[in-house]
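Enquirer: Let me begin by handing over the structure; questions about it come next.
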Protein chains: 2
Amino acid sequence: MQTEEQLRDFILNGQLYYIPHVSLDCAIFGYHEQQLKLLLIKHKAIKDWCLPGGYIKRTETLVQAANRNVKERTGIDNLFLQQFKTFGDPDRAKTSQFDEDKWFETVGIRIDKTNWLIDQTISVGFYAITDFSRTEPQSDVLAVQCAWFDIDSLPKLDFDHDEMVKEALHTMRVQLYHYPIGYNLLPEKFTLSEIHALYETLLGKKLDISNFPKKLIALGLLKKLDEKRSIGAHRSPHLYMFDKEKYDEALKEGLVLS
Amino acid sequence: MQTEEQLRDFILNGQLYYIPHVSLDCAIFGYHEQQLKLLLIKHKAIKDWCLPGGYIKRTETLVQAANRNVKERTGIDNLFLQQFKTFGDPDRAKTSQFDEDKWFETVGIRIDKTNWLIDQTISVGFYAITDFSRTEPQSDVLAVQCAWFDIDSLPKLDFDHDEMVKEALHTMRVQLYHYPIGYNLLPEKFTLSEIHALYETLLGKKLDISNFPKKLIALGLLKKLDEKRSIGAHRSPHLYMFDKEKYDEALKEGLVLS
DNA sequence: GAAATAGTGTCTGTTAGACATTATGCC
DNA sequence: GGCATAATGTCTAACAGACACTATTTC
């Protein structure tokens, strides 16, 4: 939604293209060089930062809608994307506090409490993981800011988004043991140290460097290459890459790490 | 919903009390004496059997709504209840095939395609487990039949409910290893054979009888009683019961079985 | 005492995780 | 050669699972 024209149509007629009362919110985790970040947006008419989210077109599946949202914000497609929980507490959005005048002042289009955007909404939560260094957070007419925040210093979020982040992080960490991860998050060829750091950062805890890759190698997910990389001082580590076939199989079938 | 009066109000004005476009469906599993069943309903205006489901009141949480639905159908409250997935494919309910005349003929109240019940709906899936011998499946004005079906001989279900059952069963079986189960499904005092049979039936696979209880006893979930029960021929087994405190703690914190 | 079942004990192969050692390349 | 790091190897304790054995009760 980049033009005033589109915005007006969305606000006034959106219920024709989108399913009202249902939204989705995406916890988009970003990894790069041992940093874990979360993508947040600042909505024009909402006080605090929020998870990026949106509505579901009447013609698309939930996953397609989530994918579309993630792409709109990050420019990246086909990330690892998982539905984690649906939120529907009646007090999650405080629609009763909706201030018509403030909305008009900030957005420039007058709506009242019967507008489809204002009525009670349940929200389907998805999480995704990407390499934040390859993204360019996209703001738009309503989401006037969009930026990466370090996972350890998030601002207070609006609505029930604090709880969503907590649940998303928890689900992501549990699922790290059941799905392969790393494709698109690491360079095509990477060292064991790099994938080790990725897992440590996402899990938020230490992993024994010597035991860590055993399982991944035993499962055949990692292929050792003949190349090495010179990384400055001392020994140059071997490079590895994913066996894409086994990786995709593990994505579909699931796996068990430790 | 037991009277025509209530039904008429629900159909014509329901969107005032319920959130439109959002429903929930419950896969209610029933266990008793090595049998695993699923509760299904037959809706007056729908061809095939369905999962029991309903709408979410504007004043209640999703879990409360699911609990209410489960209680309406089984008479039982506070079951083990888990949200497992939300379904929103645009073709999940084929609202385009809605037949006004057939609806009027069967339900007796005329509605058109603008009615809140007909428009596109996403559905939040929950599953629950109960002892089917303690329930009396409740039908009502719309759900004219309500009955337990053996899990291995389910009829073809309407909408996307076949997929829902598959997902619910899968989630239930995964979660059996992460939550305690058995309370309200077994007599207050039970033998190891009984709880062993419960797990085998729910998981749909054999478990070694001698290894099975080790972990549960090691975790302190099972308390051995001094009583025995005479069950006819041969040796009388010891009785066990759950340590409710540890059980509730495990419910909250989760546990790991094998 | 025979038969059937309940419950416990033992053994083994596997594995997670701690830690040690070796290999390698840069200075 | 010395040093820092990469990578592999070894060891141990725990454990799942297979199976055998003992205990107990009824007939």
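Naming works like this for the structure tokens: A, B, ... for the chains as they're shown, residue 1 at the start of each chain, ligands 1 onward in shown order.
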Output as CSV one row per residue of chain A within 6 Å of chain B: the closest atom pair and its distance in Å to one decimal place, counting only C-alpha atoms, sorted by chain and residue number ascending.

Expert:
residue,atom,partner,partner_atom,distance
A:Thr59,CA,B:Pro90,CA,5.7
A:Thr61,CA,B:Asp89,CA,4.4
A:Leu62,CA,B:Gly88,CA,5.6
A:Gly88,CA,B:Leu62,CA,5.6
A:Asp89,CA,B:Thr61,CA,4.4
A:Pro90,CA,B:Thr59,CA,5.6

Enquirer: Would you pick out the contacts of B:Arg8 at 10 Å or less, using only C-alpha atoms (C1' of nucleotides), so that residues sharing its chain but fewer than 5 positions from it are not included, and give the list as a PDB file with N, CA and C atoms, in the first residue's frame?

Expert:
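What follows is the written file around.pdb:
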ATOM      1  N   MET B   1     -28.027 -24.293  21.875  1.00  0.00           N
ATOM      2  CA  MET B   1     -29.150 -23.833  21.078  1.00  0.00           C
ATOM      3  C   MET B   1     -30.221 -24.901  21.017  1.00  0.00           C
ATOM      4  N   THR B   3     -33.847 -24.206  21.291  1.00  0.00           N
ATOM      5  CA  THR B   3     -35.198 -23.831  20.856  1.00  0.00           C
ATOM      6  C   THR B   3     -35.169 -23.127  19.512  1.00  0.00           C
ATOM      7  N   ASN B  13     -29.256 -12.620  13.990  1.00  0.00           N
ATOM      8  CA  ASN B  13     -28.558 -11.550  14.706  1.00  0.00           C
ATOM      9  C   ASN B  13     -27.236 -11.980  15.326  1.00  0.00           C
ATOM     10  N   GLY B  14     -26.829 -13.181  15.025  1.00  0.00           N
ATOM     11  CA  GLY B  14     -25.648 -13.743  15.682  1.00  0.00           C
ATOM     12  C   GLY B  14     -24.407 -12.871  15.599  1.00  0.00           C
ATOM     13  N   VAL B 107     -33.856 -25.995   7.416  1.00  0.00           N
ATOM     14  CA  VAL B 107     -33.752 -25.261   8.678  1.00  0.00           C
ATOM     15  C   VAL B 107     -35.039 -24.502   8.988  1.00  0.00           C
ATOM     16  N   GLY B 108     -35.738 -24.077   7.935  1.00  0.00           N
ATOM     17  CA  GLY B 108     -37.014 -23.406   8.154  1.00  0.00           C
ATOM     18  C   GLY B 108     -36.901 -21.905   8.342  1.00  0.00           C
ATOM     19  N   ILE B 109     -35.727 -21.375   8.158  1.00  0.00           N
ATOM     20  CA  ILE B 109     -35.536 -19.933   8.270  1.00  0.00           C
ATOM     21  C   ILE B 109     -34.834 -19.466   7.003  1.00  0.00           C
ATOM     22  N   ARG B 110     -35.412 -18.474   6.346  1.00  0.00           N
ATOM     23  CA  ARG B 110     -34.832 -18.075   5.060  1.00  0.00           C
ATOM     24  C   ARG B 110     -33.676 -17.094   5.258  1.00  0.00           C
TER      25      ARG B 110
END

Enquirer: For stretch 3-19 of chain D, list every protein, DNA or RNA residue within 8 Å, evaluated using only C-alpha atoms (C1' of nucleotides), and leave out those in the same chain fewer than 5 positions away; present the list as a list in words.

Expert: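 Counting only the stated atoms, we get Ser210, His234, Arg235, Ser236 and Pro237 of chain A; Asp208, Asn211 and Ser258 of chain B; DA20, DT21, DT22, DA23 and DT24 of chain C.
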
Enquirer: Output the selection as a JSON list (two decimals), in the first residue's frame - C-alpha atoms (C1' of nucleotides) for each residue.

Expert:
[["chain", "number", "residue", "atom", "x", "y", "z"],
["A", 210, "SER", "CA", 32.77, -30.25, 19.04],
["A", 234, "HIS", "CA", 45.75, -18.91, 11.80],
["A", 235, "ARG", "CA", 44.12, -21.89, 10.28],
["A", 236, "SER", "CA", 41.67, -21.69, 7.43],
["A", 237, "PRO", "CA", 38.53, -23.68, 8.11],
["B", 208, "ASP", "CA", 6.82, -52.28, 25.90],
["B", 211, "ASN", "CA", 9.64, -50.19, 30.13],
["B", 258, "SER", "CA", 11.37, -40.91, 25.68],
["C", 20, "DA", "C1'", 41.23, -34.23, 25.37],
["C", 21, "DT", "C1'", 43.94, -34.60, 21.47],
["C", 22, "DT", "C1'", 45.53, -33.95, 16.99],
["C", 23, "DA", "C1'", 45.77, -31.31, 12.74],
["C", 24, "DT", "C1'", 46.62, -27.22, 10.36]]

Enquirer: DSSP on the backbone, strand (DSSP E or B) only: what residues of stretch 20-121 of chain A does that give? Format it as a PyMOL selection string.

Expert: chain A and resi 20-32+35-43+49-50+53-57+80-87

Enquirer: Can you work out the spacing between atom CA of A:Met241 and atom CA of A:Gly204 in Å, to one decimal?

Expert: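 Separation between atom CA of A:Met241 and atom CA of A:Gly204: 23.5 Å.
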
Enquirer: Up to 8 Å from chain A, what residues of chain C turn up? Count only C-alpha atoms (C1' of nucleotides) and give them as a ChimeraX atom specification.

Expert: /C:16-17,24-26

Enquirer: Go ahead and save the residues from that selection, with N, CA, C and O atoms (P, O5', C5', C4', C3', O3' and C1' of nucleotides), as a PDB file, in the first residue's frame.

Expert:
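Final output, saved to result-v7.pdb:
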ATOM      1  P    DA C  16      22.394 -37.798  20.319  1.00  0.00           P
ATOM      2  O5'  DA C  16      22.385 -36.799  21.552  1.00  0.00           O
ATOM      3  C5'  DA C  16      21.544 -37.085  22.663  1.00  0.00           C
ATOM      4  C4'  DA C  16      22.183 -36.529  23.927  1.00  0.00           C
ATOM      5  C3'  DA C  16      22.824 -35.167  23.761  1.00  0.00           C
ATOM      6  O3'  DA C  16      22.559 -34.408  24.941  1.00  0.00           O
ATOM      7  C1'  DA C  16      24.477 -36.721  24.433  1.00  0.00           C
ATOM      8  P    DG C  17      22.838 -32.878  25.012  1.00  0.00           P
ATOM      9  O5'  DG C  17      24.242 -32.801  25.755  1.00  0.00           O
ATOM     10  C5'  DG C  17      24.377 -33.441  27.012  1.00  0.00           C
ATOM     11  C4'  DG C  17      25.823 -33.553  27.338  1.00  0.00           C
ATOM     12  C3'  DG C  17      26.653 -32.292  27.060  1.00  0.00           C
ATOM     13  O3'  DG C  17      27.314 -31.960  28.247  1.00  0.00           O
ATOM     14  C1'  DG C  17      27.757 -34.199  26.260  1.00  0.00           C
ATOM     15  P    DT C  24      46.423 -32.306   8.716  1.00  0.00           P
ATOM     16  O5'  DT C  24      46.383 -30.725   8.759  1.00  0.00           O
ATOM     17  C5'  DT C  24      45.121 -30.083   8.826  1.00  0.00           C
ATOM     18  C4'  DT C  24      45.345 -28.601   9.038  1.00  0.00           C
ATOM     19  C3'  DT C  24      46.398 -27.982   8.118  1.00  0.00           C
ATOM     20  O3'  DT C  24      45.741 -27.001   7.347  1.00  0.00           O
ATOM     21  C1'  DT C  24      46.620 -27.222  10.360  1.00  0.00           C
ATOM     22  P    DG C  25      46.337 -26.619   5.938  1.00  0.00           P
ATOM     23  O5'  DG C  25      46.690 -25.093   6.221  1.00  0.00           O
ATOM     24  C5'  DG C  25      45.646 -24.239   6.620  1.00  0.00           C
ATOM     25  C4'  DG C  25      46.219 -23.117   7.454  1.00  0.00           C
ATOM     26  C3'  DG C  25      47.284 -22.275   6.742  1.00  0.00           C
ATOM     27  O3'  DG C  25      46.900 -20.928   6.840  1.00  0.00           O
ATOM     28  C1'  DG C  25      47.992 -22.855   8.909  1.00  0.00           C
ATOM     29  P    DC C  26      47.436 -19.844   5.899  1.00  0.00           P
ATOM     30  O5'  DC C  26      47.882 -18.715   6.919  1.00  0.00           O
ATOM     31  C5'  DC C  26      46.917 -18.222   7.850  1.00  0.00           C
ATOM     32  C4'  DC C  26      47.632 -17.601   9.024  1.00  0.00           C
ATOM     33  C3'  DC C  26      48.673 -16.547   8.640  1.00  0.00           C
ATOM     34  O3'  DC C  26      48.425 -15.370   9.404  1.00  0.00           O
ATOM     35  C1'  DC C  26      49.626 -18.152  10.110  1.00  0.00           C
TER      36       DC C  26
END

Enquirer: B:Leu51, B:Ile129, B:Leu198, B:Leu239: which is nearest B:Lys224, counting only C-alpha atoms?

Expert: B:Leu239

Enquirer: In Å, rounded to a single decimal, give me how far atom CA of A:His161 is from atom CA of B:Asp248.

Expert: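 Value for the atom CA of B:Asp248-atom CA of A:His161 distance: 27.6 Å.
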
Enquirer: Chain D residues within 7 Å of chain B, counting only C-alpha atoms (C1' of nucleotides): which ones, as a PDB file with N, CA, C and O atoms (P, O5', C5', C4', C3', O3' and C1' of nucleotides), in the first residue's frame?

Expert:
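After the write, out-v8.pdb holds the following:
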ATOM      1  P    DT D  24       5.849 -61.935  46.489  1.00  0.00           P
ATOM      2  O5'  DT D  24       4.414 -62.138  45.858  1.00  0.00           O
ATOM      3  C5'  DT D  24       3.830 -61.076  45.103  1.00  0.00           C
ATOM      4  C4'  DT D  24       2.583 -61.592  44.442  1.00  0.00           C
ATOM      5  C3'  DT D  24       1.629 -62.338  45.368  1.00  0.00           C
ATOM      6  O3'  DT D  24       0.384 -61.684  45.291  1.00  0.00           O
ATOM      7  C1'  DT D  24       1.929 -63.500  43.343  1.00  0.00           C
ATOM      8  P    DT D  25      -0.567 -61.688  46.560  1.00  0.00           P
ATOM      9  O5'  DT D  25      -1.820 -62.447  45.950  1.00  0.00           O
ATOM     10  C5'  DT D  25      -2.460 -61.883  44.807  1.00  0.00           C
ATOM     11  C4'  DT D  25      -3.002 -62.982  43.934  1.00  0.00           C
ATOM     12  C3'  DT D  25      -4.014 -63.905  44.607  1.00  0.00           C
ATOM     13  O3'  DT D  25      -5.312 -63.539  44.152  1.00  0.00           O
ATOM     14  C1'  DT D  25      -2.566 -65.034  43.063  1.00  0.00           C
ATOM     15  P    DT D  26      -6.556 -64.213  44.793  1.00  0.00           P
ATOM     16  O5'  DT D  26      -6.910 -65.234  43.623  1.00  0.00           O
ATOM     17  C5'  DT D  26      -7.049 -64.744  42.283  1.00  0.00           C
ATOM     18  C4'  DT D  26      -7.223 -65.924  41.349  1.00  0.00           C
ATOM     19  C3'  DT D  26      -8.325 -66.908  41.751  1.00  0.00           C
ATOM     20  O3'  DT D  26      -9.106 -67.198  40.604  1.00  0.00           O
ATOM     21  C1'  DT D  26      -6.276 -68.059  41.410  1.00  0.00           C
TER      22       DT D  26
END
